[in-house]
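Have a look at the structure below before the remarks.
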Amino acid sequence: MEEIALEELLMKTGSIFKLSNMAAMRAMELNEGMKKLVDADPKEKLTSVAIKEIINDKVKLKQEK
């Protein structure tokens, strides 16, 4: 996986807590068989794929009111 700056990820989510939850939830969805939204090596870990999706704005945090 290429290097992704933590600061860039935090700008997408707002906090490390939200980032870790988003990545974990998306990795679980991928593990259950959902389609990957970015090009990734089949051997790449699902959490890495989830982080790539977040950085590429393919996955967003749903805001509840």
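All residue names refer to the structure tokens as shown: chains lettered A, B, ... in order, residues numbered from 1 in each chain, ligands numbered from 1 in order.
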
Original post:
What lies within 9 Å of range 9-20 of chain A using only C-alpha atoms, ignoring chain neighbours under 3 positions off, as a count of residues only?
Top reply: 12

Subject >> Residues near Lys36 in chain A, cut-off 9 Å, only C-alpha atoms, skip fewer than 3 positions along chain, as a ChimeraX atom specification >> reply: /A:30,33,39-40,49-50,53

Could you please take those selected residues and save N, CA and C atoms as a compact mmCIF listing (two decimals), in the first residue's frame?
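That gives us out-v9.txt:
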```
# COMPACT_ATOMS: atom_id res chain seq x y z
N LEU A 30 -16.57 -5.32 3.24
CA LEU A 30 -15.78 -5.98 2.20
C LEU A 30 -15.61 -7.47 2.51
N GLY A 33 -18.43 -9.55 1.44
CA GLY A 33 -18.61 -9.75 0.02
C GLY A 33 -18.98 -8.52 -0.80
N ASP A 39 -9.39 0.19 -7.25
CA ASP A 39 -8.54 -0.90 -7.73
C ASP A 39 -7.59 -1.31 -6.62
N ALA A 40 -7.55 -2.61 -6.36
CA ALA A 40 -6.67 -3.11 -5.30
C ALA A 40 -6.22 -4.52 -5.65
N VAL A 49 -7.68 -1.54 1.84
CA VAL A 49 -8.64 -1.20 0.78
C VAL A 49 -9.63 -0.17 1.31
N ALA A 50 -10.12 -0.36 2.52
CA ALA A 50 -11.08 0.58 3.12
C ALA A 50 -10.46 1.97 3.25
N GLU A 53 -10.35 3.62 -0.08
CA GLU A 53 -11.68 4.10 -0.45
C GLU A 53 -12.01 5.41 0.25
```

**OP:** Choose the residue, out of A:Leu37, A:Asn21, A:Met28, A:Glu3, that has the smallest atom-to-atom separation from Asn56 in chain A; count only C-alpha atoms.
**Re:**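 Using only C-alpha atoms, Asn56 in chain A sits closest to A:Leu37.
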
Subject >> Residue set, range 8-65 of chain A restricted to alpha helix (DSSP H), as a ChimeraX atom specification >> reply: /A:8-13,16-31,46-55

Please produce a file of those selected residues containing N, CA and C atoms, as a compact mmCIF listing (two decimals), in the first residue's frame.
```txt
# COMPACT_ATOMS: atom_id res chain seq x y z
N GLU A 8 -4.10 13.87 6.06
CA GLU A 8 -5.02 13.88 4.92
C GLU A 8 -6.28 13.06 5.24
N LEU A 9 -6.09 11.93 5.89
CA LEU A 9 -7.23 11.10 6.29
C LEU A 9 -8.08 11.81 7.34
N LEU A 10 -7.43 12.47 8.28
CA LEU A 10 -8.17 13.18 9.32
C LEU A 10 -8.97 14.34 8.76
N MET A 11 -8.49 14.96 7.68
CA MET A 11 -9.25 16.03 7.03
C MET A 11 -10.54 15.47 6.42
N LYS A 12 -10.52 14.21 6.00
CA LYS A 12 -11.70 13.59 5.40
C LYS A 12 -12.74 13.22 6.46
N THR A 13 -12.30 12.86 7.66
CA THR A 13 -13.22 12.33 8.67
C THR A 13 -13.42 13.25 9.87
N ILE A 16 -9.69 10.84 14.60
CA ILE A 16 -9.12 9.50 14.50
C ILE A 16 -10.16 8.44 14.87
N PHE A 17 -11.05 8.78 15.79
CA PHE A 17 -12.11 7.84 16.20
C PHE A 17 -13.03 7.54 15.02
N LYS A 18 -13.48 8.58 14.32
CA LYS A 18 -14.36 8.38 13.16
C LYS A 18 -13.63 7.62 12.06
N LEU A 19 -12.37 7.95 11.85
CA LEU A 19 -11.58 7.27 10.83
C LEU A 19 -11.47 5.78 11.12
N SER A 20 -11.14 5.44 12.34
CA SER A 20 -10.97 4.02 12.68
C SER A 20 -12.30 3.27 12.59
N ASN A 21 -13.39 3.91 12.99
CA ASN A 21 -14.70 3.26 12.88
C ASN A 21 -15.10 3.07 11.42
N MET A 22 -14.88 4.10 10.60
CA MET A 22 -15.22 4.00 9.18
C MET A 22 -14.43 2.88 8.51
N ALA A 23 -13.14 2.84 8.76
CA ALA A 23 -12.29 1.83 8.14
C ALA A 23 -12.68 0.43 8.60
N ALA A 24 -12.96 0.28 9.88
CA ALA A 24 -13.35 -1.04 10.41
C ALA A 24 -14.70 -1.49 9.85
N MET A 25 -15.66 -0.57 9.80
CA MET A 25 -16.98 -0.94 9.28
C MET A 25 -16.92 -1.28 7.79
N ARG A 26 -16.14 -0.50 7.03
CA ARG A 26 -16.02 -0.79 5.60
C ARG A 26 -15.27 -2.09 5.37
N ALA A 27 -14.25 -2.39 6.16
CA ALA A 27 -13.51 -3.65 6.04
C ALA A 27 -14.44 -4.83 6.33
N MET A 28 -15.35 -4.68 7.28
CA MET A 28 -16.31 -5.75 7.57
C MET A 28 -17.25 -5.95 6.39
N GLU A 29 -17.70 -4.85 5.77
CA GLU A 29 -18.56 -4.95 4.59
C GLU A 29 -17.84 -5.67 3.45
N LEU A 30 -16.57 -5.32 3.24
CA LEU A 30 -15.78 -5.98 2.20
C LEU A 30 -15.61 -7.47 2.51
N ASN A 31 -15.41 -7.79 3.76
CA ASN A 31 -15.26 -9.18 4.18
C ASN A 31 -16.54 -9.98 3.94
N LEU A 46 -8.00 -5.98 3.72
CA LEU A 46 -9.26 -5.26 3.57
C LEU A 46 -9.26 -3.90 4.26
N THR A 47 -8.53 -3.78 5.36
CA THR A 47 -8.45 -2.47 6.01
C THR A 47 -7.69 -1.47 5.13
N SER A 48 -6.70 -1.95 4.41
CA SER A 48 -5.97 -1.07 3.48
C SER A 48 -6.87 -0.63 2.34
N VAL A 49 -7.68 -1.54 1.84
CA VAL A 49 -8.64 -1.20 0.78
C VAL A 49 -9.63 -0.17 1.31
N ALA A 50 -10.12 -0.36 2.52
CA ALA A 50 -11.08 0.58 3.12
C ALA A 50 -10.46 1.97 3.25
N ILE A 51 -9.21 2.05 3.66
CA ILE A 51 -8.54 3.35 3.79
C ILE A 51 -8.36 4.00 2.43
N LYS A 52 -8.03 3.21 1.41
CA LYS A 52 -7.93 3.75 0.05
C LYS A 52 -9.27 4.31 -0.39
N GLU A 53 -10.35 3.62 -0.08
CA GLU A 53 -11.68 4.10 -0.45
C GLU A 53 -12.01 5.41 0.25
N ILE A 54 -11.63 5.53 1.50
CA ILE A 54 -11.89 6.77 2.26
C ILE A 54 -11.09 7.92 1.66
N ILE A 55 -9.83 7.71 1.38
CA ILE A 55 -8.98 8.79 0.87
C ILE A 55 -9.41 9.23 -0.53
```
